[in-house]
Amino acid sequence: MPIYNVEKYIRTCIESIFNQDLTDDDFELILVNDGTPDKSMEMISDIIQAHKNIQVINQPNLGPSVARNNGLEKASGEYIYFIDSDDLLVDHCLSLLLSKVSDNKVDLVVANFIELSNEKIGTTEMAVPKDIAITENSGENIYLDYLSPYDCHVWHTLFKRQFLLDNNITFHPYIYYEDVPYMHECYLKAQTCLRIEMPIYIYRKGNTMSITSKFDKRSGMDFSVALAKTWELTKHNGMSSQVANRLRENIYISFSFLTYSVVHDIHRHKERMDILKKIKRSAPEMRFRNGIRQKYVTFMYKKMPYSYMALRVLYAKRLEKTVKKVKRLYKR
């Protein structure tokens with residue numbers, strides 16, 4: 001668990017971890033203090049003292065990618081679970097989850113999550129269902145059926161540690177949106193997976209402290225790197241044509257999301273162009289060929305980046321005017 005600027009949430013998070021019907025001998029909790037400037041570590045000092053299975057790693061502020069990699073290096077468990085320190089686990093879910101994987105020894109266990117606002121966390125009753133649908137499949141099939149480019153989160157998946165080590169899968173350092181290439185690589189390389197229709201994670205919706213709550217130039221630059229790292233996966237041999245096509249389509253959707261966010265959230269033209277140039281430098285071979293629209297987008301952003309960005313801005317303004325006009329009509 002990376003820890004940075006979460007003094008409001010950290011205690012609730014860790015308390016949920018120790019409410020899983022597991023003993024201290026069943027698991028280890030590795031806390032990575034990512035140079036947090038607030039009182040996050042003070043808020044949980046008594047919990048750290050009370051449990052023998054908690055290990056603390058202190059590092060300067062290097063971001064969640066480095067924190068997770070450093071935690072993984074110290075881990076000794078058979079399975080790894082990553083959790084963000086401003087979210088929490090559903091009570092009693094991990095013991096049940098582990099009971100389902102004990103006889104399967106799969107590479108990944110993919111479960112569900114729910115989103116709750118701060119106001120609803122603590123008031124919403126979450127119970128582990130009695131009847132849980134479980135299916136076993138290959139990583140590629142799970143990828144086709146489940147992974148969405150809008151839902152590349154590590155925290156609803158349990159990872160076999162040896163699988164990560166054997167495939168040398170780590171988080172790209174010093175960037176946010178590190179989950180995107182990481183989850184794509186895990187799904188595409190996993191041999192066996194379990195898909196469990198059970199919520200295990202509560203994502204704290206609307207947390208303004210989240211590193212991804214505001215899209216700025218840093219966000220655009222980091223997302224460009226994440227996109228480039230995902231594109232590198234298209235070079236791997238052995239993928240079926242269906243999986244290869246889905247991978248390229250997911251990358252195109254992510255690229256479209258990035259350019260949309262750049263146009264709508266970043267207002268300085270130079271910063272917009274810096275991000276577009278970053279994409280071209282990070283993934284010079286990235287091209288989209290599925291249909292006329294994708295070919296047109298590729299040609300424009302490759303050959304005429306200034307014109308491409310100007311057209312995206314004009315389109316966004318026109319769309320905004322249309323939306324405002326429709327809203328006025330509905331108010332009449």
# chains A, B, ... in the order shown; residues from 1 in each chain; ligands from 1
>>> residues_around(residues="Phe288 (chain A)", least_positions_apart="4", cutoff="6 Å", atoms="only C-alpha atoms", output="count of residues only")
3
>>> residues_around(residues="Ser45 (chain A)", least_positions_apart="5", cutoff="10 Å", atoms="only C-alpha atoms", output="list in words")
Arg11, Ser40 and Ala50 of chain A
>>> closest_atom_pairs(of="region 96-202 of chain A", to="region 220-226 of chain A", cutoff="12 Å", atoms="only C-alpha atoms", output="Markdown table")
| residue | atom | partner | partner_atom | distance |
| --- | --- | --- | --- | --- |
| A:Pro149 | CA | A:Ala226 | CA | 11.8 |
| A:Cys152 | CA | A:Ala226 | CA | 11.3 |
| A:Phe171 | CA | A:Ala226 | CA | 9.9 |
| A:His172 | CA | A:Ala226 | CA | 7.9 |
| A:Pro173 | CA | A:Asp222 | CA | 10.3 |
| A:Tyr174 | CA | A:Asp222 | CA | 8.4 |
| A:Ile175 | CA | A:Asp222 | CA | 5.2 |
| A:Tyr176 | CA | A:Asp222 | CA | 5.8 |
| A:Tyr177 | CA | A:Phe223 | CA | 6.0 |
| A:Glu178 | CA | A:Ala226 | CA | 6.2 |
| A:Asp179 | CA | A:Ala226 | CA | 8.3 |
| A:Val180 | CA | A:Ala226 | CA | 6.4 |
| A:Pro181 | CA | A:Ala226 | CA | 6.0 |
| A:Tyr182 | CA | A:Ala226 | CA | 8.9 |
| A:Met183 | CA | A:Ala226 | CA | 11.1 |
| A:His184 | CA | A:Ala226 | CA | 10.8 |
| A:Glu185 | CA | A:Ala226 | CA | 11.8 |
>>> write_last_selection(atoms="C-alpha atoms", output="compact mmCIF listing (two decimals), in the first residue's frame")
# COMPACT_ATOMS: atom_id res chain seq x y z
CA PRO A 149 -9.67 0.69 -21.22
CA CYS A 152 -7.61 -0.68 -15.74
CA PHE A 171 4.99 -0.83 -12.79
CA HIS A 172 6.60 1.75 -15.04
CA PRO A 173 8.26 4.17 -12.58
CA TYR A 174 7.57 7.85 -11.96
CA ILE A 175 4.21 8.08 -13.74
CA TYR A 176 0.54 8.03 -12.84
CA TYR A 177 -1.94 5.88 -14.82
CA GLU A 178 0.55 3.08 -14.26
CA ASP A 179 -2.33 0.61 -13.94
CA VAL A 180 -3.10 0.80 -17.67
CA PRO A 181 -0.06 -0.99 -19.17
CA TYR A 182 0.30 -3.15 -16.06
CA MET A 183 -3.17 -4.69 -16.25
CA HIS A 184 -3.01 -5.16 -20.02
CA GLU A 185 0.29 -7.04 -19.67
>>> residues_around(residues="region 70-83 of chain A", least_positions_apart="6", cutoff="8 Å", atoms="only C-alpha atoms", output="list in words")
Met1, Pro2, Phe27, Glu28, Ile30, Leu31, Val32, Ile57, Val154, Trp155, Thr157, Leu158, Phe159, Lys160, Arg161 and Gln162 of chain A
>>> write_last_selection(atoms="N, CA, C and O atoms", output="compact mmCIF listing (two decimals), in the first residue's frame")
# COMPACT_ATOMS: atom_id res chain seq x y z
N MET A 1 0.84 -1.19 0.00
CA MET A 1 0.00 0.00 0.00
C MET A 1 0.88 1.25 0.00
O MET A 1 1.58 1.52 0.96
N PRO A 2 0.85 2.04 -1.09
CA PRO A 2 1.54 3.33 -1.07
C PRO A 2 0.77 4.32 -0.19
O PRO A 2 -0.46 4.32 -0.19
N PHE A 27 -1.25 -13.37 6.47
CA PHE A 27 -0.87 -12.39 5.46
C PHE A 27 0.11 -11.38 6.04
O PHE A 27 0.28 -11.27 7.25
N GLU A 28 0.76 -10.64 5.15
CA GLU A 28 1.62 -9.52 5.55
C GLU A 28 1.09 -8.25 4.91
O GLU A 28 0.55 -8.27 3.80
N ILE A 30 2.36 -4.63 3.75
CA ILE A 30 3.55 -3.81 3.48
C ILE A 30 3.10 -2.39 3.19
O ILE A 30 2.45 -2.13 2.17
N LEU A 31 3.43 -1.48 4.08
CA LEU A 31 3.09 -0.07 3.93
C LEU A 31 4.30 0.68 3.39
O LEU A 31 5.38 0.61 3.98
N VAL A 32 4.11 1.37 2.29
CA VAL A 32 5.22 2.13 1.69
C VAL A 32 4.94 3.61 1.90
O VAL A 32 4.07 4.20 1.23
N ILE A 57 8.04 0.51 4.78
CA ILE A 57 9.14 0.94 3.93
C ILE A 57 9.05 2.46 3.79
O ILE A 57 7.99 2.98 3.43
N VAL A 154 -5.68 -2.00 -10.64
CA VAL A 154 -5.05 -3.19 -10.08
C VAL A 154 -5.79 -3.71 -8.87
O VAL A 154 -5.63 -4.87 -8.47
N TRP A 155 -6.63 -2.87 -8.25
CA TRP A 155 -7.14 -3.22 -6.93
C TRP A 155 -8.39 -4.08 -6.90
O TRP A 155 -8.98 -4.26 -5.83
N THR A 157 -7.96 -7.17 -8.45
CA THR A 157 -7.32 -8.39 -8.94
C THR A 157 -6.30 -8.89 -7.93
O THR A 157 -5.54 -8.10 -7.36
N LEU A 158 -6.31 -10.19 -7.71
CA LEU A 158 -5.32 -10.85 -6.87
C LEU A 158 -4.29 -11.48 -7.80
O LEU A 158 -4.66 -12.18 -8.75
N PHE A 159 -3.00 -11.23 -7.55
CA PHE A 159 -1.93 -11.66 -8.45
C PHE A 159 -1.07 -12.74 -7.80
O PHE A 159 -0.63 -12.59 -6.66
N LYS A 160 -0.81 -13.80 -8.52
CA LYS A 160 0.14 -14.79 -8.04
C LYS A 160 1.54 -14.19 -8.14
O LYS A 160 1.96 -13.76 -9.22
N ARG A 161 2.25 -14.16 -7.04
CA ARG A 161 3.55 -13.47 -7.01
C ARG A 161 4.54 -14.11 -7.98
O ARG A 161 5.28 -13.40 -8.68
N GLN A 162 4.56 -15.43 -8.06
CA GLN A 162 5.51 -16.09 -8.95
C GLN A 162 5.22 -15.77 -10.41
O GLN A 162 6.13 -15.67 -11.23
>>> residues_around(residues="Asp274 (chain A)", least_positions_apart="4", cutoff="9 Å", atoms="only C-alpha atoms", output="PyMOL selection string")
chain A and resi 217+221+269-270+278-279
>>> write_last_selection(atoms="N, CA and C atoms", output="mmCIF file, in the first residue's frame")
data_model
loop_
_atom_site.group_PDB
_atom_site.id
_atom_site.type_symbol
_atom_site.label_atom_id
_atom_site.label_comp_id
_atom_site.auth_asym_id
_atom_site.auth_seq_id
_atom_site.Cartn_x
_atom_site.Cartn_y
_atom_site.Cartn_z
ATOM 1 N N LYS A 217 -1.186 19.143 -17.340
ATOM 2 C CA LYS A 217 -0.098 18.781 -18.249
ATOM 3 C C LYS A 217 0.645 17.550 -17.751
ATOM 4 N N MET A 221 1.200 14.102 -19.845
ATOM 5 C CA MET A 221 2.516 13.535 -20.117
ATOM 6 C C MET A 221 2.600 12.091 -19.610
ATOM 7 N N HIS A 269 -2.293 26.461 -25.414
ATOM 8 C CA HIS A 269 -2.012 25.739 -26.660
ATOM 9 C C HIS A 269 -0.650 25.044 -26.605
ATOM 10 N N LYS A 270 0.336 25.701 -26.026
ATOM 11 C CA LYS A 270 1.675 25.107 -25.968
ATOM 12 C C LYS A 270 1.668 23.816 -25.158
ATOM 13 N N LYS A 278 4.729 14.505 -26.991
ATOM 14 C CA LYS A 278 5.166 13.441 -26.082
ATOM 15 C C LYS A 278 4.645 12.088 -26.555
ATOM 16 N N ILE A 279 3.414 12.052 -27.027
ATOM 17 C CA ILE A 279 2.856 10.805 -27.550
ATOM 18 C C ILE A 279 3.678 10.331 -28.749
#
>>> residues_around(residues="Leu62 (chain A)", least_positions_apart="3", cutoff="8 Å", atoms="only C-alpha atoms", output="JSON, numbers by chain")
{"A": [34, 35, 59, 65, 66, 67, 174]}
>>> write_last_selection(atoms="C-alpha atoms", output="compact mmCIF listing (two decimals), in the first residue's frame")
# COMPACT_ATOMS: atom_id res chain seq x y z
CA ASP A 34 5.99 7.60 -0.15
CA GLY A 35 7.46 10.64 1.61
CA GLN A 59 11.10 6.29 0.64
CA SER A 65 4.61 3.04 -9.24
CA VAL A 66 7.93 2.99 -7.39
CA ALA A 67 6.14 2.40 -4.09
CA TYR A 174 7.57 7.85 -11.96
>>> closest_residue(among="A:Tyr260, A:Phe299, A:Tyr146, A:Phe18", to="Ala316 (chain A)", atoms="only C-alpha atoms")
A:Tyr260
>>> residues_around(residues="Ser16 (chain A)", least_positions_apart="5", cutoff="10 Å", atoms="only C-alpha atoms", output="list in words")
Arg11, Asp87, Leu88, Leu89, Val90, Asp91 and His92 of chain A
>>> write_last_selection(atoms="N, CA and C atoms", output="tab-separated table (two decimals), in the first residue's frame")
chain	number	residue	atom	x	y	z
A	11	ARG	N	-6.66	5.38	8.21
A	11	ARG	CA	-7.03	4.50	9.32
A	11	ARG	C	-8.21	3.60	8.93
A	87	ASP	N	-8.92	4.09	-0.13
A	87	ASP	CA	-10.07	3.24	-0.35
A	87	ASP	C	-10.16	2.21	0.77
A	88	LEU	N	-10.98	1.18	0.61
A	88	LEU	CA	-11.08	0.15	1.63
A	88	LEU	C	-11.61	-1.14	1.04
A	89	LEU	N	-11.48	-2.21	1.83
A	89	LEU	CA	-11.94	-3.52	1.41
A	89	LEU	C	-13.33	-3.80	1.99
A	90	VAL	N	-14.08	-4.62	1.26
A	90	VAL	CA	-15.34	-5.12	1.80
A	90	VAL	C	-15.01	-6.09	2.94
A	91	ASP	N	-15.71	-5.99	4.05
A	91	ASP	CA	-15.45	-6.85	5.20
A	91	ASP	C	-15.58	-8.33	4.83
A	92	HIS	N	-14.64	-9.14	5.33
A	92	HIS	CA	-14.68	-10.60	5.26
A	92	HIS	C	-14.51	-11.15	3.84
>>> residues_around(residues="region 4-7 of chain A", least_positions_apart="4", cutoff="8 Å", atoms="only C-alpha atoms", output="PyMOL selection string")
chain A and resi 11+33-41+43+85-86+209
>>> select_by_dssp(residues="region 179-255 of chain A", states="strand (DSSP E)", output="PDB file with N, CA, C and O atoms, in the first residue's frame")
ATOM      1  N   CYS A 193      -6.936 -17.968 -15.067  1.00  0.00           N
ATOM      2  CA  CYS A 193      -7.530 -16.922 -14.230  1.00  0.00           C
ATOM      3  C   CYS A 193      -8.861 -17.415 -13.668  1.00  0.00           C
ATOM      4  O   CYS A 193      -9.536 -18.251 -14.268  1.00  0.00           O
ATOM      5  N   LEU A 194      -9.208 -16.863 -12.530  1.00  0.00           N
ATOM      6  CA  LEU A 194     -10.548 -17.049 -11.984  1.00  0.00           C
ATOM      7  C   LEU A 194     -11.278 -15.718 -12.073  1.00  0.00           C
ATOM      8  O   LEU A 194     -10.724 -14.677 -11.722  1.00  0.00           O
ATOM      9  N   ARG A 195     -12.509 -15.768 -12.529  1.00  0.00           N
ATOM     10  CA  ARG A 195     -13.384 -14.590 -12.522  1.00  0.00           C
ATOM     11  C   ARG A 195     -14.448 -14.833 -11.465  1.00  0.00           C
ATOM     12  O   ARG A 195     -15.241 -15.769 -11.572  1.00  0.00           O
ATOM     13  N   ILE A 196     -14.452 -14.003 -10.427  1.00  0.00           N
ATOM     14  CA  ILE A 196     -15.360 -14.169  -9.300  1.00  0.00           C
ATOM     15  C   ILE A 196     -16.327 -12.993  -9.251  1.00  0.00           C
ATOM     16  O   ILE A 196     -15.900 -11.829  -9.155  1.00  0.00           O
ATOM     17  N   GLU A 197     -17.608 -13.277  -9.324  1.00  0.00           N
ATOM     18  CA  GLU A 197     -18.629 -12.234  -9.305  1.00  0.00           C
ATOM     19  C   GLU A 197     -18.940 -11.853  -7.864  1.00  0.00           C
ATOM     20  O   GLU A 197     -19.989 -12.179  -7.317  1.00  0.00           O
ATOM     21  N   MET A 198     -17.984 -11.153  -7.260  1.00  0.00           N
ATOM     22  CA  MET A 198     -18.126 -10.752  -5.870  1.00  0.00           C
ATOM     23  C   MET A 198     -17.384  -9.435  -5.650  1.00  0.00           C
ATOM     24  O   MET A 198     -16.229  -9.306  -6.054  1.00  0.00           O
ATOM     25  N   PRO A 199     -18.009  -8.429  -5.044  1.00  0.00           N
ATOM     26  CA  PRO A 199     -17.291  -7.176  -4.773  1.00  0.00           C
ATOM     27  C   PRO A 199     -16.330  -7.346  -3.599  1.00  0.00           C
ATOM     28  O   PRO A 199     -16.709  -7.832  -2.532  1.00  0.00           O
ATOM     29  N   ILE A 200     -15.088  -6.961  -3.818  1.00  0.00           N
ATOM     30  CA  ILE A 200     -14.099  -7.051  -2.741  1.00  0.00           C
ATOM     31  C   ILE A 200     -13.517  -5.690  -2.379  1.00  0.00           C
ATOM     32  O   ILE A 200     -12.861  -5.553  -1.337  1.00  0.00           O
ATOM     33  N   TYR A 201     -13.759  -4.696  -3.202  1.00  0.00           N
ATOM     34  CA  TYR A 201     -13.074  -3.411  -3.040  1.00  0.00           C
ATOM     35  C   TYR A 201     -14.077  -2.267  -3.107  1.00  0.00           C
ATOM     36  O   TYR A 201     -15.007  -2.295  -3.918  1.00  0.00           O
ATOM     37  N   ILE A 202     -13.884  -1.281  -2.258  1.00  0.00           N
ATOM     38  CA  ILE A 202     -14.722  -0.085  -2.267  1.00  0.00           C
ATOM     39  C   ILE A 202     -13.859   1.101  -2.689  1.00  0.00           C
ATOM     40  O   ILE A 202     -12.927   1.494  -1.980  1.00  0.00           O
ATOM     41  N   TYR A 203     -14.164   1.624  -3.854  1.00  0.00           N
ATOM     42  CA  TYR A 203     -13.450   2.778  -4.388  1.00  0.00           C
ATOM     43  C   TYR A 203     -14.122   4.055  -3.887  1.00  0.00           C
ATOM     44  O   TYR A 203     -15.323   4.234  -4.054  1.00  0.00           O
ATOM     45  N   ARG A 204     -13.321   4.908  -3.274  1.00  0.00           N
ATOM     46  CA  ARG A 204     -13.862   6.144  -2.700  1.00  0.00           C
ATOM     47  C   ARG A 204     -14.069   7.159  -3.824  1.00  0.00           C
ATOM     48  O   ARG A 204     -13.145   7.836  -4.264  1.00  0.00           O
ATOM     49  N   LYS A 205     -15.296   7.264  -4.276  1.00  0.00           N
ATOM     50  CA  LYS A 205     -15.640   8.119  -5.402  1.00  0.00           C
ATOM     51  C   LYS A 205     -15.613   9.592  -5.009  1.00  0.00           C
ATOM     52  O   LYS A 205     -16.070   9.972  -3.937  1.00  0.00           O
TER      53      LYS A 205
END
>>> atom_distance(atom1="CA of Leu116 (chain A)", atom2="CA of Ser219 (chain A)")
24.0 Å
